[in-house]
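Chemist: Pasting data28.tsv below, which is TSV, C-alpha atoms and all ligand atoms.
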chain	number	residue	atom	x	y	z
A	1	MET	CA	55.09	82.95	111.17
A	2	SER	CA	57.87	81.39	113.17
A	3	ALA	CA	61.47	81.71	112.07
A	4	PRO	CA	63.35	78.49	111.39
A	5	THR	CA	65.71	77.74	114.24
A	6	ALA	CA	69.17	76.66	113.23
A	7	PRO	CA	70.75	74.30	115.73
A	8	ILE	CA	73.40	76.00	117.85
A	9	PRO	CA	76.66	74.14	117.25
A	10	PRO	CA	78.24	72.63	120.35
A	11	SER	CA	80.78	75.03	121.78
A	12	ALA	CA	84.35	74.07	122.44
A	13	PRO	CA	85.28	73.84	126.12
A	14	PRO	CA	86.34	77.27	127.38
A	15	PRO	CA	90.06	77.92	127.55
A	16	ALA	CA	91.62	77.91	131.01
A	17	GLN	CA	91.13	81.10	133.01
A	18	GLN	CA	93.60	83.90	132.54
A	19	PHE	CA	94.10	86.77	134.94
A	20	ALA	CA	95.40	89.37	132.50
A	21	SER	CA	92.29	91.44	133.05
A	22	ASP	CA	89.19	91.33	135.18
A	23	ASN	CA	87.19	92.02	132.05
A	24	TYR	CA	88.12	88.63	130.62
A	25	ALA	CA	85.39	87.16	132.83
A	26	GLY	CA	81.86	86.77	131.58
A	27	ILE	CA	78.58	87.99	133.02
A	28	CYS	CA	77.83	86.46	136.42
A	29	PRO	CA	74.94	83.96	136.60
A	30	GLU	CA	72.80	86.26	138.72
A	31	ALA	CA	73.11	89.10	136.19
A	32	TRP	CA	72.50	86.66	133.35
A	33	ALA	CA	69.31	85.43	135.03
A	34	ALA	CA	68.20	89.03	135.51
A	35	LEU	CA	68.71	89.65	131.80
A	36	ALA	CA	66.64	86.60	130.97
A	37	ALA	CA	63.91	87.67	133.38
A	38	ALA	CA	63.82	91.14	131.80
A	39	ASN	CA	63.63	89.56	128.35
A	40	THR	CA	59.89	89.07	128.39
A	41	GLY	CA	57.40	91.02	126.36
A	42	HIS	CA	57.60	94.65	125.39
A	43	ALA	CA	58.78	97.52	127.55
A	44	SER	CA	59.01	101.24	126.98
A	45	ALA	CA	62.31	102.30	125.47
A	46	TYR	CA	65.11	104.72	126.47
A	47	GLY	CA	64.87	104.05	130.18
A	48	HIS	CA	61.12	104.36	130.65
A	49	ASP	CA	60.84	100.80	131.84
A	50	ARG	CA	60.38	99.27	135.25
A	51	TRP	CA	63.88	97.75	135.46
A	52	THR	CA	65.56	101.11	134.95
A	53	THR	CA	63.34	102.64	137.64
A	54	GLU	CA	64.10	99.73	139.96
A	55	ALA	CA	67.85	99.94	139.38
A	56	ALA	CA	67.97	103.71	139.87
A	57	ASP	CA	65.94	103.37	143.07
A	58	ALA	CA	68.26	100.59	144.24
A	59	PHE	CA	71.23	102.95	143.81
A	60	ARG	CA	69.43	105.66	145.78
A	61	GLN	CA	68.74	103.18	148.53
A	62	LEU	CA	72.29	101.80	148.56
A	63	PHE	CA	73.79	105.28	148.72
A	64	ALA	CA	71.05	106.57	151.02
A	65	THR	CA	70.59	109.71	148.97
A	66	PRO	CA	68.37	110.91	146.12
A	67	CYS	CA	71.07	110.91	143.42
A	68	GLU	CA	70.53	111.13	139.67
A	69	VAL	CA	71.40	107.83	137.97
A	70	PHE	CA	72.31	107.09	134.34
A	71	PHE	CA	73.46	103.91	132.61
A	72	VAL	CA	75.99	103.82	129.79
A	73	PHE	CA	77.72	101.01	127.94
A	74	ASN	CA	81.29	101.34	129.18
A	75	GLY	CA	83.67	103.07	131.51
A	76	THR	CA	85.31	105.36	129.00
A	77	ALA	CA	81.91	106.84	128.18
A	78	ALA	CA	80.94	107.09	131.84
A	79	ASN	CA	84.12	108.92	132.80
A	80	SER	CA	84.44	111.18	129.82
A	81	LEU	CA	80.78	112.20	129.72
A	82	ALA	CA	80.75	112.80	133.48
A	83	LEU	CA	83.87	114.96	133.25
A	84	ALA	CA	82.45	116.79	130.24
A	85	ALA	CA	79.33	117.54	132.29
A	86	LEU	CA	81.49	119.21	134.93
A	87	CYS	CA	83.68	121.25	132.59
A	88	GLN	CA	83.63	123.98	130.03
A	89	SER	CA	86.09	123.60	127.18
A	90	TYR	CA	88.52	126.03	128.82
A	91	HIS	CA	88.61	124.09	132.10
A	92	SER	CA	91.09	121.48	133.27
A	93	VAL	CA	90.86	118.21	135.18
A	94	ILE	CA	93.45	117.21	137.76
A	95	CYS	CA	94.31	113.50	137.85
A	96	SER	CA	97.12	111.14	138.77
A	97	SER	CA	99.66	110.25	136.10
A	98	PHE	CA	98.35	106.66	136.33
A	99	ALA	CA	94.73	107.68	135.72
A	100	HIS	CA	92.78	105.62	133.20
A	101	VAL	CA	91.18	108.84	131.94
A	102	ASP	CA	94.64	110.00	130.86
A	103	THR	CA	96.37	106.79	129.85
A	104	ASP	CA	93.60	104.56	128.50
A	105	GLU	CA	90.70	106.54	127.11
A	106	CYS	CA	92.17	107.70	123.83
A	107	GLY	CA	91.50	111.34	124.63
A	108	ALA	CA	87.77	110.79	125.15
A	109	PRO	CA	87.53	113.14	128.16
A	110	GLU	CA	89.16	115.92	126.12
A	111	PHE	CA	87.03	115.05	123.10
A	112	PHE	CA	83.66	115.03	124.87
A	113	SER	CA	84.49	118.19	126.81
A	114	ASN	CA	85.59	119.93	123.63
A	115	GLY	CA	89.10	120.38	124.91
A	116	SER	CA	89.22	120.43	128.70
A	117	LYS	CA	92.83	119.63	129.48
A	118	LEU	CA	93.93	116.86	131.81
A	119	LEU	CA	96.58	118.01	134.26
A	120	THR	CA	98.48	114.97	135.48
A	121	ALA	CA	100.16	114.90	138.84
A	122	PRO	CA	103.27	112.70	138.90
A	123	SER	CA	102.66	109.74	141.17
A	124	THR	CA	104.75	106.77	142.21
A	125	ASN	CA	101.89	104.51	143.29
A	126	GLY	CA	98.88	105.72	141.33
A	127	LYS	CA	97.29	107.73	144.12
A	128	LEU	CA	96.56	111.41	143.98
A	129	THR	CA	97.40	113.34	147.13
A	130	PRO	CA	95.94	116.54	148.59
A	131	GLU	CA	99.37	118.13	148.17
A	132	ALA	CA	99.54	117.24	144.48
A	133	VAL	CA	96.04	118.63	143.92
A	134	ARG	CA	96.96	121.81	145.74
A	135	GLN	CA	100.14	122.23	143.74
A	136	LEU	CA	98.38	121.91	140.39
A	137	ALA	CA	95.34	123.93	141.44
A	138	ALA	CA	97.52	126.76	142.69
A	139	SER	CA	100.16	126.60	139.97
A	140	ARG	CA	98.56	129.15	137.66
A	141	SER	CA	95.62	131.48	137.92
A	142	ASP	CA	96.19	133.59	134.82
A	143	ILE	CA	93.97	133.58	131.78
A	144	HIS	CA	96.53	131.78	129.61
A	145	PHE	CA	96.20	128.49	131.46
A	146	PRO	CA	93.16	126.17	131.45
A	147	LYS	CA	91.25	126.84	134.64
A	148	PRO	CA	91.24	123.89	137.07
A	149	ARG	CA	87.68	122.76	137.58
A	150	VAL	CA	87.60	119.07	138.52
A	151	VAL	CA	89.69	116.53	140.39
A	152	THR	CA	89.28	112.90	139.43
A	153	ILE	CA	90.44	109.97	141.54
A	154	THR	CA	90.23	106.28	140.75
A	155	GLN	CA	88.86	104.06	143.53
A	156	PRO	CA	90.55	101.61	143.73
A	157	THR	CA	93.48	102.99	141.77
A	158	GLU	CA	94.86	101.50	138.56
A	159	THR	CA	97.54	100.02	140.84
A	160	GLY	CA	95.06	98.26	143.10
A	161	LEU	CA	95.27	100.67	146.02
A	162	VAL	CA	92.23	101.81	147.96
A	163	TYR	CA	91.71	105.36	149.17
A	164	SER	CA	90.57	105.42	152.79
A	165	VAL	CA	87.63	107.56	153.87
A	166	GLU	CA	90.11	110.02	155.40
A	167	GLU	CA	92.18	110.25	152.22
A	168	ILE	CA	89.10	111.05	150.16
A	169	ARG	CA	87.95	113.62	152.68
A	170	ALA	CA	91.36	115.26	152.61
A	171	ILE	CA	91.30	115.55	148.82
A	172	ALA	CA	87.72	116.84	148.95
A	173	ALA	CA	88.80	119.52	151.43
A	174	VAL	CA	91.38	120.84	148.95
A	175	CYS	CA	88.74	120.69	146.20
A	176	LYS	CA	86.45	122.80	148.33
A	177	GLU	CA	89.20	125.31	149.03
A	178	PHE	CA	89.84	125.78	145.30
A	179	GLY	CA	86.24	125.47	144.10
A	180	LEU	CA	86.85	122.16	142.33
A	181	LYS	CA	84.37	119.34	141.77
A	182	LEU	CA	85.38	115.81	142.76
A	183	HIS	CA	84.81	112.93	140.35
A	184	MET	CA	85.47	109.29	141.15
A	185	ASP	CA	86.33	106.71	138.52
A	186	GLY	CA	84.86	103.67	140.22
A	187	ALA	CA	85.43	101.09	137.49
A	188	ARG	CA	86.14	98.75	140.43
A	189	PHE	CA	84.20	100.69	143.06
A	190	ALA	CA	82.68	97.49	144.47
A	191	ASN	CA	86.16	96.16	145.20
A	192	ALA	CA	86.93	99.26	147.25
A	193	CYS	CA	83.70	98.87	149.24
A	194	ALA	CA	84.48	95.20	149.86
A	195	ARG	CA	87.96	96.09	151.04
A	196	LEU	CA	86.93	98.94	153.33
A	197	GLY	CA	83.76	97.33	154.61
A	198	CYS	CA	82.17	100.75	154.63
A	199	ALA	CA	78.87	102.04	153.32
A	200	PRO	CA	79.16	103.29	149.72
A	201	ALA	CA	78.00	106.70	150.93
A	202	ASP	CA	81.00	106.96	153.27
A	203	ILE	CA	83.53	107.06	150.43
A	204	THR	CA	81.40	109.10	148.03
A	205	TRP	CA	78.97	111.92	148.75
A	206	LYS	CA	79.53	111.92	152.50
A	207	ALA	CA	83.26	112.34	151.85
A	208	GLY	CA	82.76	115.08	149.25
A	209	VAL	CA	82.50	113.18	145.93
A	210	ASP	CA	80.16	114.93	143.47
A	211	VAL	CA	79.97	112.33	140.70
A	212	LEU	CA	80.69	108.60	140.75
A	213	CYS	CA	81.15	106.27	137.79
A	214	PHE	CA	80.23	102.90	139.31
A	215	GLY	CA	81.60	100.07	137.20
A	216	GLY	CA	79.39	97.12	136.43
A	217	THR	CA	81.41	95.49	133.67
A	218	LYS	CA	84.29	94.28	135.83
A	219	ASN	CA	81.89	93.47	138.67
A	220	GLY	CA	79.98	90.85	136.67
A	221	VAL	CA	76.95	92.99	135.90
A	222	GLY	CA	77.60	92.79	132.18
A	223	LEU	CA	77.80	95.69	129.80
A	224	SER	CA	76.77	98.54	132.00
A	225	GLU	CA	78.29	101.35	134.03
A	226	ALA	CA	76.25	103.62	136.25
A	227	VAL	CA	76.88	107.34	136.52
A	228	LEU	CA	75.67	108.81	139.81
A	229	PHE	CA	75.31	112.55	140.33
A	230	PHE	CA	75.03	113.33	144.03
A	231	ASP	CA	74.27	116.95	143.20
A	232	PRO	CA	71.28	116.73	140.83
A	233	ALA	CA	72.08	120.18	139.42
A	234	LEU	CA	75.26	118.75	137.87
A	235	ALA	CA	73.17	116.19	135.98
A	236	GLU	CA	71.33	118.83	134.01
A	237	ASP	CA	71.03	117.77	130.37
A	238	PHE	CA	73.24	114.70	130.99
A	239	GLY	CA	70.72	112.59	129.10
A	240	TYR	CA	71.28	114.72	126.00
A	241	ARG	CA	75.03	114.26	126.40
A	242	CYS	CA	74.60	110.49	126.53
A	243	LYS	CA	72.32	110.51	123.50
A	244	GLN	CA	74.69	112.66	121.44
A	245	ALA	CA	77.58	110.39	122.33
A	246	GLY	CA	75.70	107.29	121.21
A	247	GLN	CA	75.40	106.11	124.81
A	248	LEU	CA	71.64	106.23	125.28
A	249	ALA	CA	70.44	102.63	125.10
A	250	SER	CA	67.01	102.27	123.56
A	251	LYS	CA	66.62	98.88	125.20
A	252	MET	CA	67.78	100.30	128.50
A	253	ARG	CA	66.21	97.48	130.48
A	254	TYR	CA	69.16	95.27	129.55
A	255	LEU	CA	71.65	97.72	131.07
A	256	ALA	CA	69.51	98.18	134.16
A	257	ALA	CA	68.01	94.81	135.08
A	258	PRO	CA	71.29	93.16	136.19
A	259	TRP	CA	72.05	96.15	138.42
A	260	ALA	CA	68.59	95.99	140.00
A	261	GLN	CA	69.17	92.34	140.82
A	262	LEU	CA	72.76	92.57	142.09
A	263	LEU	CA	72.14	95.63	144.21
A	264	ALA	CA	69.05	94.05	145.78
A	265	SER	CA	70.79	90.75	146.57
A	266	GLY	CA	74.17	92.11	147.58
A	267	GLY	CA	75.72	90.13	144.72
A	268	TRP	CA	77.72	93.19	143.66
A	269	LEU	CA	79.61	93.12	146.97
A	270	ALA	CA	79.97	89.34	147.08
A	271	ASN	CA	81.46	89.33	143.58
A	272	ALA	CA	83.99	91.98	144.56
A	273	GLY	CA	84.83	90.28	147.83
A	274	HIS	CA	85.60	87.05	146.02
A	275	ALA	CA	87.82	88.83	143.50
A	276	ASN	CA	89.71	90.60	146.29
A	277	ALA	CA	90.19	87.33	148.16
A	278	CYS	CA	91.71	85.71	145.07
A	279	ALA	CA	94.21	88.55	144.75
A	280	SER	CA	95.20	88.11	148.39
A	281	ARG	CA	95.48	84.38	147.85
A	282	LEU	CA	98.03	84.82	145.07
A	283	ALA	CA	99.89	87.57	146.88
A	284	HIS	CA	100.33	85.54	150.07
A	285	ARG	CA	101.77	82.61	148.18
A	286	ILE	CA	104.23	84.44	145.99
A	287	GLU	CA	105.34	87.32	148.21
A	288	PRO	CA	107.97	85.32	150.15
A	289	LEU	CA	109.57	83.87	147.01
A	290	PRO	CA	113.10	84.84	145.98
A	291	GLY	CA	113.25	87.49	143.26
A	292	ILE	CA	109.57	88.34	143.65
A	293	GLU	CA	108.47	91.75	144.78
A	294	LEU	CA	104.94	93.07	145.06
A	295	MET	CA	104.99	96.52	143.49
A	296	PHE	CA	102.04	97.77	145.55
A	297	PRO	CA	100.25	96.53	148.64
A	298	VAL	CA	97.38	94.26	147.58
A	299	GLN	CA	94.21	96.01	148.69
A	300	ALA	CA	91.71	95.13	145.98
A	301	ASN	CA	91.55	92.60	143.13
A	302	GLY	CA	94.91	93.20	141.47
A	303	VAL	CA	98.44	91.92	142.11
A	304	PHE	CA	101.41	93.68	140.54
A	305	VAL	CA	104.56	91.63	140.49
A	306	ARG	CA	108.10	92.74	139.85
A	307	ALA	CA	110.21	89.76	138.84
A	308	PRO	CA	113.24	88.98	136.69
A	309	ALA	CA	112.54	89.06	132.95
A	310	ALA	CA	113.38	85.37	132.68
A	311	LEU	CA	110.72	84.51	135.24
A	312	LEU	CA	108.08	86.54	133.42
A	313	GLN	CA	109.08	84.87	130.18
A	314	GLY	CA	108.85	81.51	131.93
A	315	LEU	CA	105.28	82.29	132.93
A	316	ARG	CA	104.46	83.18	129.36
A	317	ASP	CA	106.08	79.94	128.18
A	318	ARG	CA	103.78	78.10	130.57
A	319	GLY	CA	100.81	79.75	128.91
A	320	TRP	CA	100.04	82.58	131.31
A	321	GLN	CA	98.86	85.88	129.89
A	322	PHE	CA	99.41	89.19	131.62
A	323	TYR	CA	100.17	92.81	130.91
A	324	THR	CA	103.25	94.74	131.98
A	325	PHE	CA	102.11	98.27	131.16
A	326	ILE	CA	102.36	99.46	134.74
A	327	GLY	CA	106.01	99.91	135.61
A	328	GLY	CA	107.12	96.79	133.72
A	329	GLY	CA	105.76	94.40	136.35
A	330	ALA	CA	103.22	91.67	135.65
A	331	ARG	CA	99.64	92.58	136.43
A	332	PHE	CA	97.19	89.91	137.53
A	333	MET	CA	93.54	90.90	137.94
A	334	PHE	CA	90.86	88.72	139.48
A	335	ALA	CA	87.17	88.78	138.68
A	336	TRP	CA	83.97	87.52	140.30
A	337	ASP	CA	84.56	84.07	138.82
A	338	ALA	CA	88.25	83.57	139.54
A	339	ASP	CA	88.81	79.90	140.27
A	340	PRO	CA	90.92	79.46	143.41
A	341	ALA	CA	92.44	76.28	141.93
A	342	ARG	CA	93.59	78.26	138.92
A	343	VAL	CA	94.98	80.97	141.22
A	344	ASP	CA	96.91	78.23	142.99
A	345	ALA	CA	98.18	76.92	139.65
A	346	LEU	CA	99.54	80.37	138.83
A	347	ALA	CA	101.13	80.59	142.27
A	348	ALA	CA	102.72	77.16	141.78
A	349	ASP	CA	104.19	78.18	138.44
A	350	VAL	CA	105.60	81.38	139.92
A	351	GLU	CA	107.08	79.32	142.74
A	352	ASP	CA	108.65	76.77	140.37
A	353	LEU	CA	110.24	79.50	138.32
A	354	ALA	CA	111.39	81.52	141.33
A	355	ARG	CA	113.01	78.44	142.86
A	356	GLY	CA	114.58	77.48	139.56
A	357	ARG	CA	112.63	74.27	139.10
A	358	PRO	CA	112.50	73.08	135.52
A	359	THR	CA	109.37	73.33	133.46
A	360	VAL	CA	107.72	69.92	133.30
B	401	LIG	C1	88.34	99.27	132.99
B	401	LIG	C2	88.46	100.64	133.48
B	401	LIG	C3	87.65	101.67	132.99
B	401	LIG	C4	86.62	101.45	131.91
B	401	LIG	O1	87.14	101.02	130.72
B	401	LIG	P1	86.23	100.67	129.44
B	401	LIG	O2	87.09	99.75	128.67
B	401	LIG	O3	85.97	101.94	128.74
B	401	LIG	O4	84.99	100.07	129.94
B	401	LIG	C5	87.77	102.92	133.56
B	401	LIG	N1	88.64	103.18	134.54
B	401	LIG	C6	89.45	102.22	135.02
B	401	LIG	C7	90.40	102.55	136.13
B	401	LIG	C8	89.41	100.95	134.50
B	401	LIG	O5	90.21	99.99	134.98
What would the structure in this file look like if it were written as structure tokens?
Modeler:
Amino acid sequence: MSAPTAPIPPSAPPPAQQFASDNYAGICPEAWAALAAANTGHASAYGHDRWTTEAADAFRQLFATPCEVFFVFNGTAANSLALAALCQSYHSVICSSFAHVDTDECGAPEFFSNGSKLLTAPSTNGKLTPEAVRQLAASRSDIHFPKPRVVTITQPTETGLVYSVEEIRAIAAVCKEFGLKLHMDGARFANACARLGCAPADITWKAGVDVLCFGGTKNGVGLSEAVLFFDPALAEDFGYRCKQAGQLASKMRYLAAPWAQLLASGGWLANAGHANACASRLAHRIEPLPGIELMFPVQANGVFVRAPAALLQGLRDRGWQFYTFIGGGARFMFAWDADPARVDALAADVEDLARGRPTV
């Protein structure tokens, strides 16, 4: 029996691109095609399918190491389950005061670890430093304080900065000294690789990272984040953790197939490179303007702009959407599909407002 097919109503033209977040973008065509290609016939469930095997192998090849690979639906789950895997409830996790795990995950890392405390290091630019890690790790060693166990860094940071290989190595050295594991929130990991032009291994396991959450959502993969354990022992029972948290996809092939495709083709890096280039494009145009200040050097796919309140309001009046949750400046994030003409339109509006030209 075939189900009646209702006609799909014609869709309205999409609204103009906004750069408030890089997760406003859709799934990239290559990932979409991979989903369609995987959408044939039956396949074993819960990751026992050929796409999941292919994607996991593609990660091992890309990172040139036999890591353990898991796929979950979003970044909050990836981070908080990874941190929970590294901690007992009485442990603590050292992070920057800008860290997504602290500011934007609704307590999920504490929840999934049954209470591991986040210890935030004050930061002015989002980066964690070896000194800050040392200070927190050495601050207390008595039984009344949660025992430091993990350091987490975000690559690139929530402020769009990229840790160099040397910076990661320096943090890892302090971790080693204090017996701490190193976790990397790589929600935009591809953007860091595109910026540094290095092998993914160079800024992860070779530099001392134990666990990486490699973001697919913001990269154009779709609804999937990969969790990579470079020390397989740390991945013990992680599958159970995912299942208990409601993060074990029965139709895993749909989380995995886009990854398999983008890793094989290099699309993951091309997407990130394009996004980074669009951020640079905006930054170059607006940086010289009066009253405009870039809050952080532009090293990945985000531009953070300090500007007079009237100018920001002017942008809103012209229809631009953006957040100001980081230091009150406007945040613009670019995705794999950012349209350079639309970037230029934003730049032109900033320029008009900065030069006091009237809104037309
Ligand atoms: C987007 C993002 C995440 C993941 O967020 P979800 O909404 O849970 O997918 C994690 N870390 C950082 C730094 C992010 O920007």
Chemist: Around (101.8, 80.9, 140.6), as given in the file, which residues come within 12 Å? Count all atoms listed in the file and list them as JSON, numbers by chain.
Modeler: {"A": [18, 19, 279, 281, 282, 283, 284, 285, 286, 287, 289, 292, 303, 305, 311, 312, 314, 315, 316, 318, 319, 320, 330, 332, 340, 341, 342, 343, 344, 345, 346, 347, 348, 349, 350, 351, 352, 353, 354, 355]}
Chemist: Write out as JSON, numbers by chain each polymer residue whose atoms come within 9 Å of Ala138 of chain A, counting all atoms listed in the file; drop sequence neighbours fewer than 4 positions from it.
Modeler: {"A": [133, 134, 148, 178]}
Chemist: With only C-alpha atoms and all ligand atoms as the atoms that count, which of A:Cys28, A:Gln88, A:Thr154, A:Ser113 lies nearest to ligand LIG 401 (chain B)?
Modeler: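 The closest residue to ligand LIG 401 (chain B) is A:Thr154.
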Chemist: For the atom pair atom CA of Thr52 of chain A and atom CA of Glu236 of chain A, what is the interatomic distance in Å to one decimal place?
Modeler: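 Between atom CA of Thr52 of chain A and atom CA of Glu236 of chain A the gap is 18.7 Å.
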Chemist: Counting all atoms listed in the file, note down every residue that has an atom within 10 Å of the point (71.4, 114.6, 131.4) (file coordinates), as a short mmCIF file (atom, residue, chain, number, x, y, z; two decimals) with C-alpha atoms, keeping the file's coordinate frame.
Modeler:
data_model
loop_
_atom_site.label_atom_id
_atom_site.label_comp_id
_atom_site.auth_asym_id
_atom_site.auth_seq_id
_atom_site.Cartn_x
_atom_site.Cartn_y
_atom_site.Cartn_z
CA GLU A 68 70.53 111.13 139.67
CA VAL A 69 71.40 107.83 137.97
CA PHE A 70 72.31 107.09 134.34
CA LEU A 81 80.78 112.20 129.72
CA ALA A 82 80.75 112.80 133.48
CA ALA A 85 79.33 117.54 132.29
CA PHE A 229 75.31 112.55 140.33
CA PRO A 232 71.28 116.73 140.83
CA ALA A 233 72.08 120.18 139.42
CA LEU A 234 75.26 118.75 137.87
CA ALA A 235 73.17 116.19 135.98
CA GLU A 236 71.33 118.83 134.01
CA ASP A 237 71.03 117.77 130.37
CA PHE A 238 73.24 114.70 130.99
CA GLY A 239 70.72 112.59 129.10
CA TYR A 240 71.28 114.72 126.00
CA ARG A 241 75.03 114.26 126.40
CA CYS A 242 74.60 110.49 126.53
CA LYS A 243 72.32 110.51 123.50
#
Chemist: Name the residues, by chain letter and number, that sit within 8 Å of ligand LIG 401 (chain B) using all atoms listed in the file, and give them as a PyMOL selection string.
Modeler: chain A and resi 23+73-79+99-101+104-105+154-158+185-188+215+217-218+225
Chemist: What is the distance between atom CA of Leu269 of chain A and atom CA of Cys193 of chain A, in Å to one decimal?
Modeler: 7.4 Å
Chemist: Find, counting all atoms listed in the file, the residue in A:Phe145, A:Glu54, A:Phe63, A:Ala170 that gets nearest to Ser92 of chain A.
Modeler: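 The answer is A:Phe145, which sits nearest to Ser92 of chain A.
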